[in-house]
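Q: Below are the C-alpha cells for one structure; questions will follow.
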Amino acid sequence: MTSPSPNTSVPTHLEADVLVIGAGGAGMYAALEAAKGGASVVLADRSLIGRGGATVMAQMTVAAALGEQTPDHWEHHFADTLAAGRGLCDERLAALLCEDGPQRLREMDAWKVGWAREDGHIKQAQAPGHDRPRCAYVDFLSTGPAVSKTLRTQLNNASGIRRIGDLTIVDIALRDGEACGATGLHLPTGQAVTLAAKAVVIATGGLTGLYRRNSASSNMGGDGYALALRAGAELIDMEFVQFFPIGHLAPRLVGMDPIMWDPFRYKLGGKLLNSEMREFETDYATKDARSDGTYRLTRDLATYAITKEVEAGRGSPAGGAYLSFQHVPEAEIRKAFGPVVDRLAENGIDLAQRPVEVAPIAHYHMGGIRVDEMMATGVPGLFACGEAVGGANGANRLSGNAITEAFVFGARAGRSAAERAKQNASMWSADAAKPVIDLLRSASKRDAPNPAAVIVKLQAVMADDVGPFRADTKLRSAISAIAQLKADIGDTPFASAESFDPVLADWLDLRNMLAVAQSIAVPALARTESRGAHQRDDHLGLNDAWSVNQIVSMSDGDMTLRKVMPTTGKAAA
Amino acid sequence: MKATLSIQRGALGEAPHQDMFDIPFEHGQSILDGLRAIRRSMDPSLAFRFSCINANACKECMMLIDGKVDYACTVRLKEGMTTLAPLPKKALIRDLVTEIAPPDERLMLRS
Ligand SMILES: Cc1cc2nc3c(=O)[nH]c(=O)nc-3n(C[C@H](O)[C@H](O)[C@H](O)COP(=O)(O)OP(=O)(O)OC[C@H]3O[C@@H](n4cnc5c(N)ncnc54)[C@H](O)[C@@H]3O)c2cc1C
Ligand code: FES
C-alpha cells in the first residue's frame with residue numbers, strides 16, 4: 001500500500017468557488033463569510049485546521065472599542081492605531097480594523113468564545129498605546145485556544161466548506177495574469193494537488209520564523225508573502241518586523257507561549273535587571289536620543305535597552321536580561337495567575353524566589369501583501385487577509401490589534417472572494433499548475449546541504465544583520481548571505497522519501513523564506529532613518545522625507561522597490 | 001548531559017526498524033528539542049509532527065514516549081535511553097507521523 005509519488009501519479013484535482021489558504025483566525029473567518037455569501041469553499045492548511053499558526057498560540061488580548069469597560073468609540077482606537085504606526089498606516093485599513101472590530105468581537109461572544117466578564121460586562125484591560133481599557137481576553141492566557149476552538153466549531157456547523165489539512169500550497173495558479181486556483185503538496189502522500197477556484201484568499205499568517213529567536217510556529221516562515229510576490233502581487237512595509245522585548249529565554253520553558261511575561265508585567269510590575277542585578281530601564285529612559293523621557297519603556301525602547309546591555313557585556317548568562325518578580329509576595333502572584341503558577345512550577349520556575357531570563361524575539365509582521373479595502377491584491381482574483389496583509393499597523397502595531405485584524409480582514413476577504421466568484425466563471429486550466437507540478441517532479445534525492453540546517457543559518461543572518469537594530473554594512477552583508485544561501489539550495493527541490501518528507505518540506509520552505517528575507521532586507525537598507533520597528537544605528541531618528549511606504553514587487557525573479565505616499569482617508573466600512 | 005533516543009522508523013508497509021541517536025542536551029529541553037536537533041545535524045529525513053514548539057497549543061506532537069502517549073514538546077529529555085514510537089491506534093504515515101486529522105479534514109475522505 002505505498003502511496004503514489006508526484007513523479008508518477010496524476011495529481012488530485014479539486015474545485016471550489018473560493019480557495020482559502022491558511023486556517024488561522026483570518027482564514028477560518030474568511031471561509032465562514034465566503035460560505036455565508038453562497039460560495040463553495042476549500043479551506044487548506046499545511047498543518048491541521050485551526051492549529052498551525054499564531055492564532056491558536058496567542059495568550060493575551062484582543063483590542064476593540066466595545067465600550068464595555070469605559071465609554072469608547074472606534075475613532076479613539078483608530079487615533080491610537082495611527083499614532084503607533086508613526087505616519088505609515090494605510091488609513092482605510094486601520095479604519096476598517098477599528099470600525100468593524102466591535103462587531104466581530106460581539107459575534108465571537110455570541111458564538112460563546114467566553115470573553116472574561118466582570119459585573120455583567122465584558123472585561124477590557126488597558127494595554128500600552130491604548131488611551132483606555134480596550135482589550136478583551138479569555139481568562140488565564142487562553143485567548144488564542146478559545147478563539148480557534150470557537151471558529152472550528154463554526155466551521156463544523158457550516159455547510160459548503162471543505163477543510164483539508166496537511167496540504168502545503170506551493171504557488172498560486174495563474175492564467176492571463178489572473179488567479180485561477182493554486183497547486184499544493186499533500187504531505188502524507190507526497191502527491192501534488194491542483195485546486196481550481198474563482199477566487200483565492202491568502203491567509204497564511206506571518207514570517208517571524210525567519211529569525212533565530214521568535215514566537216513562531218513551524219509554519220510561519222512567510223509562505224504567503226512569497227506566494228503573492230511570485231503571483232505578481234505587491235508587498236508593503238516589509239522592513240517593519242515587530243520584536244517583543246521580553247520573550248522568554250531561560251530556563252527552558254515548555255508548554256507556554258514565550259511572550260507570556262507581558263501580562264505578568266502589567267499586573268505585577270516585574271523589574272528588568274542586568275548581570276549586576278541592577279535595574280537599567282531608567283538609564284535608557286533618560287540618556288538615549290531615542291527616549292521620550294518617560295520612565296516606562298515602550299516595546300522598541302525596551303528592546304533597545306536589553307540589546308545594549310548585552311552588547312556592553314552586562315547580559316544574563318543566556319544572552320538577555322533578568323526579569324524579576326522577587327519583590328511581589330507569593331500570594332499575590334498566585335492570585336493574579338492561578339493555574340499558570342503551577343505550569344511554571346513544572347518548569348522549575350518560582351517567581352517569588354528567582355528571576356527568569358528574557359530577550360527580544362521576533363513576534364509579528366507589520367508589513368505584508370498590499371491590498372485595498374476589499375482585501376483585493378493587484379492580481380485579479382487574489383485576495384489576502386490577516387497578518388499576511390500589510391498596511392493597517394504602519395511602522396508599529398498596538399497590542400491586541402493583530403487578532404482583531406485577523407477577524408475583520410478575514411471576514412472582509414471572504415465576502416469579497418464570494419462576490420468575485422459569483423461574477424466570474426472558472427478560469428482554470430491545467431497549464432496553470434504546470435510550473436509547480438514540474439518543480440515537484442524535479443525533486444531529487446540529495447543529502448547536502450541539509451535544508452533544516454540552512455534554515456538555522458538563515459535565521460542567524462536575519463537575527464544578526466536584519467534584527468531590530470540595523471546598519472548599512474550589516475544589511476549589505478545580509479543581502480549577499482541570502483543570495484549565497486539561495487545558490488546553495490539551487491532551483492531543484494531536495495527529497496528524501498515519498499510520504500511526509502521533511503527534506504522536501506524544508507526545501508520548499510527555504511525557497512519561500514529566502515525570497516521573503518530578501519524582501520525585508522532590501523527595503524530596510526533603503527530606509528535611511530529610524531521609525532517604529534525599523535531602527536538604524538547609522539541613521540538615528542525619524543526623517544520626514546521618509547514618511548512614505550516602500551513597495552516590493554517581483555518580475556522575472558528580480559525584486560524591485562518603489563515608494564508611495566501613505567494612503568489617507570477613511571473608507572466607509 | 002547526553003540523551004539517547006531510540007526511534008521507530010519506516011513508512012506504512014515497510015518493516016519498522018529502530019534508529020539510535022545520541023544527543024547532547026541541557027536541563028529542561030524537550031523531546032521535541034531533541035528531535036529537531038537530530039534533523040538539523042544528523043538526519044534531515046526524520047519525520048515527526050509539530051507546529052507550535054513552545055505553547056503546547058497545537059497538539060500535533062503526540063507520540064508514544066517510553067510506551068506512554070504524550071506530547072514531545074512537554075516531556076523532557078533525560079540522560080540515558082528514551083524510546084519513541086508512533087501513536088499505536090492511528091494509521092502510520094512514516095516514522096513518528098500518524099494520521100491524526102479528523103476524518104472530515106483529510107484530502108482522502110475515505111480512510
Ligand atoms: C505566541 C503569539 C502570541 C500572540 N498574542 C497575541 C495577542 O495576545 N493579541 C493579538 O492581537 N495578537 C497576538 N499575536 C499575533 C496574532 O496572534 C496573529 O497576528 C494572528 O493570530 C494571525 O492570524 P492569521 O489567521 O493571519 O495567521 P495564523 O493564525 O498564523 O494562521 C496562518 C495559517 O496558515 C497556514 N499556512 C501557512 N503557510 C501555508 C501554506 N503555504 N499552505 C497552507 N497553509 C499555510 C499555517 O499553518 C497557519 O495555520 C500573537 C502571536 C504569537 C505568535
Ligand atoms: S508542538 Fe504543539 S503541542 Fe507539541
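Letters for chains follow the order of the C-alpha cells (A, B, ...), residue numbers begin at 1 for each chain, and ligand numbers begin at 1 in the order shown.
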Just list the residues in stretch 381-519 of chain A DSSP gives strand (DSSP E) on the backbone, as a PyMOL selection string.
A: chain A and resi 382-384+444-445+469-470+494-495
Q: Generate a file of the selected residues that holds N, CA, C and O atoms, formatted as a PDB file, in the first residue's frame.
A:
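See selection_21.pdb below for the written result:
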```pdb
ATOM      1  N   LEU A 382      -7.137  37.438  -6.651  1.00  0.00           N
ATOM      2  CA  LEU A 382      -6.293  37.108  -5.496  1.00  0.00           C
ATOM      3  C   LEU A 382      -6.546  38.097  -4.362  1.00  0.00           C
ATOM      4  O   LEU A 382      -6.396  39.310  -4.533  1.00  0.00           O
ATOM      5  N   PHE A 383      -6.920  37.561  -3.207  1.00  0.00           N
ATOM      6  CA  PHE A 383      -7.205  38.365  -2.024  1.00  0.00           C
ATOM      7  C   PHE A 383      -6.256  37.940  -0.905  1.00  0.00           C
ATOM      8  O   PHE A 383      -5.622  36.889  -0.987  1.00  0.00           O
ATOM      9  N   ALA A 384      -6.157  38.769   0.138  1.00  0.00           N
ATOM     10  CA  ALA A 384      -5.321  38.392   1.273  1.00  0.00           C
ATOM     11  C   ALA A 384      -5.919  38.968   2.542  1.00  0.00           C
ATOM     12  O   ALA A 384      -6.697  39.933   2.493  1.00  0.00           O
ATOM     13  N   SER A 444      14.973  15.784  -6.278  1.00  0.00           N
ATOM     14  CA  SER A 444      15.906  14.670  -6.358  1.00  0.00           C
ATOM     15  C   SER A 444      16.481  14.381  -4.981  1.00  0.00           C
ATOM     16  O   SER A 444      16.563  15.259  -4.127  1.00  0.00           O
ATOM     17  N   LYS A 445      16.857  13.119  -4.793  1.00  0.00           N
ATOM     18  CA  LYS A 445      17.450  12.732  -3.509  1.00  0.00           C
ATOM     19  C   LYS A 445      18.831  13.335  -3.391  1.00  0.00           C
ATOM     20  O   LYS A 445      19.691  13.079  -4.224  1.00  0.00           O
ATOM     21  N   PHE A 469      18.007  46.253  15.286  1.00  0.00           N
ATOM     22  CA  PHE A 469      18.923  47.380  15.068  1.00  0.00           C
ATOM     23  C   PHE A 469      19.783  47.111  13.857  1.00  0.00           C
ATOM     24  O   PHE A 469      20.482  46.115  13.789  1.00  0.00           O
ATOM     25  N   ARG A 470      19.692  48.004  12.900  1.00  0.00           N
ATOM     26  CA  ARG A 470      20.246  47.740  11.580  1.00  0.00           C
ATOM     27  C   ARG A 470      21.267  48.792  11.192  1.00  0.00           C
ATOM     28  O   ARG A 470      21.289  49.880  11.735  1.00  0.00           O
ATOM     29  N   PHE A 494      15.099  19.232  -2.981  1.00  0.00           N
ATOM     30  CA  PHE A 494      15.682  18.012  -2.418  1.00  0.00           C
ATOM     31  C   PHE A 494      14.543  17.158  -1.882  1.00  0.00           C
ATOM     32  O   PHE A 494      13.529  17.683  -1.443  1.00  0.00           O
ATOM     33  N   ALA A 495      14.748  15.867  -1.904  1.00  0.00           N
ATOM     34  CA  ALA A 495      13.737  14.982  -1.342  1.00  0.00           C
ATOM     35  C   ALA A 495      14.420  13.811  -0.660  1.00  0.00           C
ATOM     36  O   ALA A 495      15.571  13.506  -0.950  1.00  0.00           O
TER      37      ALA A 495
END
```
Q: Could you report the residues within 12 Å of ligand 2, using only C-alpha atoms and all ligand atoms, as a PyMOL selection string?
A: (chain A and resi 47-48+50-54+56-57+145+216-219+254-257) or (chain B and resi 30-33+35-36+48-63+70-75)
Q: So which residues touch stretch 148-162 of chain A within 9 Å, counting only C-alpha atoms, skipping near sequence neighbours fewer than 5 positions away, as a PDB file with all heavy atoms, in the first residue's frame?
A:
```
ATOM      1  N   ALA A  16     -13.578  24.548  -6.381  1.00  0.00           N
ATOM      2  CA  ALA A  16     -14.467  25.285  -5.474  1.00  0.00           C
ATOM      3  C   ALA A  16     -14.616  26.700  -6.008  1.00  0.00           C
ATOM      4  O   ALA A  16     -13.854  27.130  -6.863  1.00  0.00           O
ATOM      5  CB  ALA A  16     -13.874  25.318  -4.067  1.00  0.00           C
ATOM      6  N   GLY A  24      -5.910  29.904  10.096  1.00  0.00           N
ATOM      7  CA  GLY A  24      -5.830  30.602  11.374  1.00  0.00           C
ATOM      8  C   GLY A  24      -7.096  31.421  11.549  1.00  0.00           C
ATOM      9  O   GLY A  24      -8.114  31.165  10.890  1.00  0.00           O
ATOM     10  N   GLY A  25      -7.034  32.425  12.430  1.00  0.00           N
ATOM     11  CA  GLY A  25      -8.208  33.263  12.673  1.00  0.00           C
ATOM     12  C   GLY A  25      -8.712  33.900  11.390  1.00  0.00           C
ATOM     13  O   GLY A  25      -9.925  33.935  11.128  1.00  0.00           O
ATOM     14  N   MET A  28     -10.064  31.080   8.784  1.00  0.00           N
ATOM     15  CA  MET A  28     -11.323  30.455   9.213  1.00  0.00           C
ATOM     16  C   MET A  28     -12.473  31.449   9.067  1.00  0.00           C
ATOM     17  O   MET A  28     -13.566  31.097   8.614  1.00  0.00           O
ATOM     18  CB  MET A  28     -11.203  29.938  10.648  1.00  0.00           C
ATOM     19  CG  MET A  28     -10.286  28.709  10.755  1.00  0.00           C
ATOM     20  SD  MET A  28     -10.423  27.839  12.341  1.00  0.00           S
ATOM     21  CE  MET A  28      -9.423  28.861  13.402  1.00  0.00           C
ATOM     22  N   TYR A  29     -12.208  32.711   9.435  1.00  0.00           N
ATOM     23  CA  TYR A  29     -13.249  33.736   9.272  1.00  0.00           C
ATOM     24  C   TYR A  29     -13.585  33.926   7.794  1.00  0.00           C
ATOM     25  O   TYR A  29     -14.753  34.067   7.409  1.00  0.00           O
ATOM     26  CB  TYR A  29     -12.814  35.070   9.888  1.00  0.00           C
ATOM     27  CG  TYR A  29     -13.796  35.571  10.931  1.00  0.00           C
ATOM     28  CD1 TYR A  29     -13.449  35.662  12.274  1.00  0.00           C
ATOM     29  CD2 TYR A  29     -15.086  35.938  10.558  1.00  0.00           C
ATOM     30  CE1 TYR A  29     -14.349  36.102  13.224  1.00  0.00           C
ATOM     31  CE2 TYR A  29     -15.998  36.377  11.504  1.00  0.00           C
ATOM     32  CZ  TYR A  29     -15.629  36.458  12.840  1.00  0.00           C
ATOM     33  OH  TYR A  29     -16.523  36.885  13.768  1.00  0.00           O
ATOM     34  N   ALA A  31     -13.341  31.764   5.369  1.00  0.00           N
ATOM     35  CA  ALA A  31     -14.106  30.612   4.881  1.00  0.00           C
ATOM     36  C   ALA A  31     -15.567  30.725   5.314  1.00  0.00           C
ATOM     37  O   ALA A  31     -16.484  30.485   4.523  1.00  0.00           O
ATOM     38  CB  ALA A  31     -13.483  29.321   5.407  1.00  0.00           C
ATOM     39  N   LEU A  32     -15.787  31.112   6.567  1.00  0.00           N
ATOM     40  CA  LEU A  32     -17.157  31.230   7.079  1.00  0.00           C
ATOM     41  C   LEU A  32     -17.940  32.286   6.308  1.00  0.00           C
ATOM     42  O   LEU A  32     -19.086  32.065   5.911  1.00  0.00           O
ATOM     43  CB  LEU A  32     -17.137  31.591   8.573  1.00  0.00           C
ATOM     44  CG  LEU A  32     -16.701  30.479   9.531  1.00  0.00           C
ATOM     45  CD1 LEU A  32     -16.475  31.036  10.940  1.00  0.00           C
ATOM     46  CD2 LEU A  32     -17.745  29.358   9.568  1.00  0.00           C
ATOM     47  N   ALA A  35     -18.685  31.263   2.672  1.00  0.00           N
ATOM     48  CA  ALA A  35     -19.781  30.293   2.621  1.00  0.00           C
ATOM     49  C   ALA A  35     -21.112  30.997   2.866  1.00  0.00           C
ATOM     50  O   ALA A  35     -22.117  30.701   2.206  1.00  0.00           O
ATOM     51  CB  ALA A  35     -19.559  29.187   3.645  1.00  0.00           C
ATOM     52  N   LYS A  36     -21.100  31.951   3.791  1.00  0.00           N
ATOM     53  CA  LYS A  36     -22.310  32.737   4.059  1.00  0.00           C
ATOM     54  C   LYS A  36     -22.743  33.492   2.799  1.00  0.00           C
ATOM     55  O   LYS A  36     -23.927  33.690   2.558  1.00  0.00           O
ATOM     56  CB  LYS A  36     -22.027  33.737   5.185  1.00  0.00           C
ATOM     57  CG  LYS A  36     -23.081  33.726   6.266  1.00  0.00           C
ATOM     58  CD  LYS A  36     -22.788  34.791   7.313  1.00  0.00           C
ATOM     59  CE  LYS A  36     -22.147  34.208   8.556  1.00  0.00           C
ATOM     60  NZ  LYS A  36     -21.750  35.264   9.512  1.00  0.00           N
ATOM     61  N   GLY A  38     -22.614  32.399  -0.069  1.00  0.00           N
ATOM     62  CA  GLY A  38     -23.114  31.463  -1.069  1.00  0.00           C
ATOM     63  C   GLY A  38     -22.051  30.697  -1.833  1.00  0.00           C
ATOM     64  O   GLY A  38     -22.362  29.943  -2.752  1.00  0.00           O
ATOM     65  N   ALA A  39     -20.787  30.877  -1.466  1.00  0.00           N
ATOM     66  CA  ALA A  39     -19.713  30.218  -2.212  1.00  0.00           C
ATOM     67  C   ALA A  39     -19.434  28.826  -1.657  1.00  0.00           C
ATOM     68  O   ALA A  39     -19.579  28.587  -0.458  1.00  0.00           O
ATOM     69  CB  ALA A  39     -18.449  31.069  -2.149  1.00  0.00           C
ATOM     70  N   SER A  40     -19.016  27.921  -2.540  1.00  0.00           N
ATOM     71  CA  SER A  40     -18.431  26.671  -2.067  1.00  0.00           C
ATOM     72  C   SER A  40     -16.961  26.968  -1.774  1.00  0.00           C
ATOM     73  O   SER A  40     -16.314  27.718  -2.507  1.00  0.00           O
ATOM     74  CB  SER A  40     -18.559  25.577  -3.121  1.00  0.00           C
ATOM     75  OG  SER A  40     -17.819  25.921  -4.274  1.00  0.00           O
ATOM     76  N   VAL A  41     -16.460  26.410  -0.671  1.00  0.00           N
ATOM     77  CA  VAL A  41     -15.146  26.818  -0.186  1.00  0.00           C
ATOM     78  C   VAL A  41     -14.255  25.611   0.067  1.00  0.00           C
ATOM     79  O   VAL A  41     -14.717  24.607   0.607  1.00  0.00           O
ATOM     80  CB  VAL A  41     -15.278  27.597   1.146  1.00  0.00           C
ATOM     81  CG1 VAL A  41     -13.907  28.041   1.667  1.00  0.00           C
ATOM     82  CG2 VAL A  41     -16.203  28.802   0.998  1.00  0.00           C
ATOM     83  N   VAL A  42     -12.987  25.713  -0.338  1.00  0.00           N
ATOM     84  CA  VAL A  42     -11.974  24.790   0.170  1.00  0.00           C
ATOM     85  C   VAL A  42     -11.066  25.597   1.092  1.00  0.00           C
ATOM     86  O   VAL A  42     -10.581  26.661   0.723  1.00  0.00           O
ATOM     87  CB  VAL A  42     -11.143  24.138  -0.960  1.00  0.00           C
ATOM     88  CG1 VAL A  42      -9.891  23.473  -0.386  1.00  0.00           C
ATOM     89  CG2 VAL A  42     -11.975  23.102  -1.708  1.00  0.00           C
ATOM     90  N   LEU A  43     -10.891  25.106   2.311  1.00  0.00           N
ATOM     91  CA  LEU A  43     -10.011  25.743   3.290  1.00  0.00           C
ATOM     92  C   LEU A  43      -8.836  24.792   3.506  1.00  0.00           C
ATOM     93  O   LEU A  43      -9.014  23.694   4.034  1.00  0.00           O
ATOM     94  CB  LEU A  43     -10.768  25.978   4.602  1.00  0.00           C
ATOM     95  CG  LEU A  43      -9.971  26.480   5.805  1.00  0.00           C
ATOM     96  CD1 LEU A  43      -9.351  27.854   5.529  1.00  0.00           C
ATOM     97  CD2 LEU A  43     -10.871  26.565   7.046  1.00  0.00           C
ATOM     98  N   ALA A  44      -7.648  25.210   3.039  1.00  0.00           N
ATOM     99  CA  ALA A  44      -6.482  24.321   3.100  1.00  0.00           C
ATOM    100  C   ALA A  44      -5.459  24.850   4.089  1.00  0.00           C
ATOM    101  O   ALA A  44      -5.227  26.050   4.176  1.00  0.00           O
ATOM    102  CB  ALA A  44      -5.836  24.222   1.713  1.00  0.00           C
ATOM    103  N   ILE A  49      -6.232  21.908  10.703  1.00  0.00           N
ATOM    104  CA  ILE A  49      -7.133  23.067  10.644  1.00  0.00           C
ATOM    105  C   ILE A  49      -7.218  23.744  12.023  1.00  0.00           C
ATOM    106  O   ILE A  49      -7.513  23.101  13.031  1.00  0.00           O
ATOM    107  CB  ILE A  49      -8.542  22.611  10.188  1.00  0.00           C
ATOM    108  CG1 ILE A  49      -8.484  21.942   8.810  1.00  0.00           C
ATOM    109  CG2 ILE A  49      -9.528  23.783  10.199  1.00  0.00           C
ATOM    110  CD1 ILE A  49      -7.989  22.819   7.677  1.00  0.00           C
ATOM    111  N   GLY A  50      -6.939  25.047  12.020  1.00  0.00           N
ATOM    112  CA  GLY A  50      -7.075  25.820  13.260  1.00  0.00           C
ATOM    113  C   GLY A  50      -5.976  25.598  14.272  1.00  0.00           C
ATOM    114  O   GLY A  50      -6.089  26.031  15.423  1.00  0.00           O
ATOM    115  N   ARG A  51      -4.883  24.948  13.864  1.00  0.00           N
ATOM    116  CA  ARG A  51      -3.839  24.650  14.849  1.00  0.00           C
ATOM    117  C   ARG A  51      -2.448  25.101  14.451  1.00  0.00           C
ATOM    118  O   ARG A  51      -1.527  25.079  15.260  1.00  0.00           O
ATOM    119  CB  ARG A  51      -3.770  23.142  15.088  1.00  0.00           C
ATOM    120  CG  ARG A  51      -5.032  22.566  15.664  1.00  0.00           C
ATOM    121  CD  ARG A  51      -4.828  21.080  15.895  1.00  0.00           C
ATOM    122  NE  ARG A  51      -6.030  20.430  16.370  1.00  0.00           N
ATOM    123  CZ  ARG A  51      -6.385  20.395  17.642  1.00  0.00           C
ATOM    124  NH1 ARG A  51      -5.652  20.973  18.556  1.00  0.00           N
ATOM    125  NH2 ARG A  51      -7.488  19.768  17.999  1.00  0.00           N
ATOM    126  N   THR A  55      -2.656  32.137  15.704  1.00  0.00           N
ATOM    127  CA  THR A  55      -3.931  32.356  16.394  1.00  0.00           C
ATOM    128  C   THR A  55      -4.081  31.429  17.599  1.00  0.00           C
ATOM    129  O   THR A  55      -4.409  31.877  18.699  1.00  0.00           O
ATOM    130  CB  THR A  55      -5.112  32.155  15.414  1.00  0.00           C
ATOM    131  OG1 THR A  55      -4.930  33.027  14.292  1.00  0.00           O
ATOM    132  CG2 THR A  55      -6.433  32.464  16.087  1.00  0.00           C
ATOM    133  N   VAL A  56      -3.810  30.154  17.398  1.00  0.00           N
ATOM    134  CA  VAL A  56      -4.034  29.200  18.487  1.00  0.00           C
ATOM    135  C   VAL A  56      -3.025  29.394  19.638  1.00  0.00           C
ATOM    136  O   VAL A  56      -3.265  28.993  20.765  1.00  0.00           O
ATOM    137  CB  VAL A  56      -3.999  27.749  17.945  1.00  0.00           C
ATOM    138  CG1 VAL A  56      -2.589  27.319  17.598  1.00  0.00           C
ATOM    139  CG2 VAL A  56      -4.633  26.771  18.913  1.00  0.00           C
ATOM    140  N   MET A 108     -18.141  36.815  18.054  1.00  0.00           N
ATOM    141  CA  MET A 108     -17.407  35.754  18.758  1.00  0.00           C
ATOM    142  C   MET A 108     -18.043  35.504  20.133  1.00  0.00           C
ATOM    143  O   MET A 108     -18.095  34.373  20.609  1.00  0.00           O
ATOM    144  CB  MET A 108     -15.933  36.147  18.941  1.00  0.00           C
ATOM    145  CG  MET A 108     -15.108  36.160  17.671  1.00  0.00           C
ATOM    146  SD  MET A 108     -14.901  34.529  16.906  1.00  0.00           S
ATOM    147  CE  MET A 108     -13.844  33.711  18.075  1.00  0.00           C
ATOM    148  N   TRP A 111     -20.937  33.447  19.735  1.00  0.00           N
ATOM    149  CA  TRP A 111     -20.507  32.077  19.454  1.00  0.00           C
ATOM    150  C   TRP A 111     -19.856  31.438  20.682  1.00  0.00           C
ATOM    151  O   TRP A 111     -19.207  30.399  20.579  1.00  0.00           O
ATOM    152  CB  TRP A 111     -19.517  32.074  18.275  1.00  0.00           C
ATOM    153  CG  TRP A 111     -20.146  32.398  16.947  1.00  0.00           C
ATOM    154  CD1 TRP A 111     -21.472  32.342  16.618  1.00  0.00           C
ATOM    155  CD2 TRP A 111     -19.453  32.836  15.765  1.00  0.00           C
ATOM    156  NE1 TRP A 111     -21.647  32.711  15.303  1.00  0.00           N
ATOM    157  CE2 TRP A 111     -20.428  33.013  14.745  1.00  0.00           C
ATOM    158  CE3 TRP A 111     -18.112  33.087  15.447  1.00  0.00           C
ATOM    159  CZ2 TRP A 111     -20.108  33.434  13.457  1.00  0.00           C
ATOM    160  CZ3 TRP A 111     -17.790  33.505  14.159  1.00  0.00           C
ATOM    161  CH2 TRP A 111     -18.776  33.682  13.171  1.00  0.00           C
ATOM    162  N   LYS A 112     -19.949  32.122  21.810  1.00  0.00           N
ATOM    163  CA  LYS A 112     -19.508  31.583  23.107  1.00  0.00           C
ATOM    164  C   LYS A 112     -17.999  31.387  23.227  1.00  0.00           C
ATOM    165  O   LYS A 112     -17.518  30.369  23.749  1.00  0.00           O
ATOM    166  CB  LYS A 112     -20.217  30.247  23.395  1.00  0.00           C
ATOM    167  CG  LYS A 112     -21.743  30.367  23.402  1.00  0.00           C
ATOM    168  CD  LYS A 112     -22.362  29.262  24.237  1.00  0.00           C
ATOM    169  CE  LYS A 112     -23.793  29.562  24.632  1.00  0.00           C
ATOM    170  NZ  LYS A 112     -24.665  30.106  23.589  1.00  0.00           N
ATOM    171  N   VAL A 113     -17.251  32.393  22.786  1.00  0.00           N
ATOM    172  CA  VAL A 113     -15.806  32.292  22.947  1.00  0.00           C
ATOM    173  C   VAL A 113     -15.418  32.383  24.423  1.00  0.00           C
ATOM    174  O   VAL A 113     -14.398  31.826  24.842  1.00  0.00           O
ATOM    175  CB  VAL A 113     -15.081  33.377  22.109  1.00  0.00           C
ATOM    176  CG1 VAL A 113     -15.312  34.773  22.673  1.00  0.00           C
ATOM    177  CG2 VAL A 113     -13.585  33.104  22.014  1.00  0.00           C
ATOM    178  N   THR A 143      -6.787  33.050  25.416  1.00  0.00           N
ATOM    179  CA  THR A 143      -7.477  33.727  24.324  1.00  0.00           C
ATOM    180  C   THR A 143      -7.374  32.962  22.994  1.00  0.00           C
ATOM    181  O   THR A 143      -8.399  32.662  22.367  1.00  0.00           O
ATOM    182  CB  THR A 143      -6.931  35.164  24.155  1.00  0.00           C
ATOM    183  OG1 THR A 143      -7.173  35.866  25.378  1.00  0.00           O
ATOM    184  CG2 THR A 143      -7.603  35.891  23.008  1.00  0.00           C
TER     185      THR A 143
ATOM    186  N   ASP B 104     -12.961  14.223   8.503  1.00  0.00           N
ATOM    187  CA  ASP B 104     -13.514  15.168   7.526  1.00  0.00           C
ATOM    188  C   ASP B 104     -12.571  16.344   7.249  1.00  0.00           C
ATOM    189  O   ASP B 104     -12.949  17.306   6.590  1.00  0.00           O
ATOM    190  CB  ASP B 104     -14.901  15.661   7.957  1.00  0.00           C
ATOM    191  CG  ASP B 104     -14.881  16.326   9.314  1.00  0.00           C
ATOM    192  OD1 ASP B 104     -13.826  16.264   9.995  1.00  0.00           O
ATOM    193  OD2 ASP B 104     -15.905  16.913   9.706  1.00  0.00           O
ATOM    194  N   GLU B 105     -11.346  16.275   7.761  1.00  0.00           N
ATOM    195  CA  GLU B 105     -10.367  17.309   7.444  1.00  0.00           C
ATOM    196  C   GLU B 105      -9.191  16.736   6.650  1.00  0.00           C
ATOM    197  O   GLU B 105      -8.098  17.265   6.651  1.00  0.00           O
ATOM    198  CB  GLU B 105      -9.873  17.995   8.731  1.00  0.00           C
ATOM    199  CG  GLU B 105     -10.986  18.788   9.390  1.00  0.00           C
ATOM    200  CD  GLU B 105     -10.597  19.473  10.683  1.00  0.00           C
ATOM    201  OE1 GLU B 105      -9.409  19.403  11.072  1.00  0.00           O
ATOM    202  OE2 GLU B 105     -11.485  20.086  11.305  1.00  0.00           O
TER     203      GLU B 105
END
```
Q: Please measure the separation of atom CA of A:Val466 and atom CA of A:Tyr225, giving the value in Å to one decimal.
A: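 Those two atoms sit 17.5 Å apart.
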Q: Mind checking which residues fall within 12 Å of A:Arg92, counting only C-alpha atoms, ignoring those fewer than 4 positions away in the same chain, and posting them as a PyMOL selection string?
A: chain A and resi 78+81-82+88+96-100+371-375+390-394+409+566-573
Q: Taking into account only C-alpha atoms and all ligand atoms, which residue in the set A:Val201, A:Met277, A:Ala406, A:Ala331 is nearest to ligand 1?
A: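 The answer is A:Ala406, which sits nearest to ligand 1.
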Q: Extract, using only C-alpha atoms, all DNA, RNA and protein residues at most 10 Å from A:Leu504, discarding same-chain residues fewer than 4 positions from it, and format them as a PyMOL selection string.
A: (chain A and resi 185+187+190+440+443-445+451+493-498+500+508-510) or (chain B and resi 44-45)
Q: Mind pulling up the distance from atom CA of A:Gln59 to atom CA of A:Asn347?
A: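 If I compute the distance from atom CA of A:Asn347 to atom CA of A:Gln59, I get 18.0 Å.
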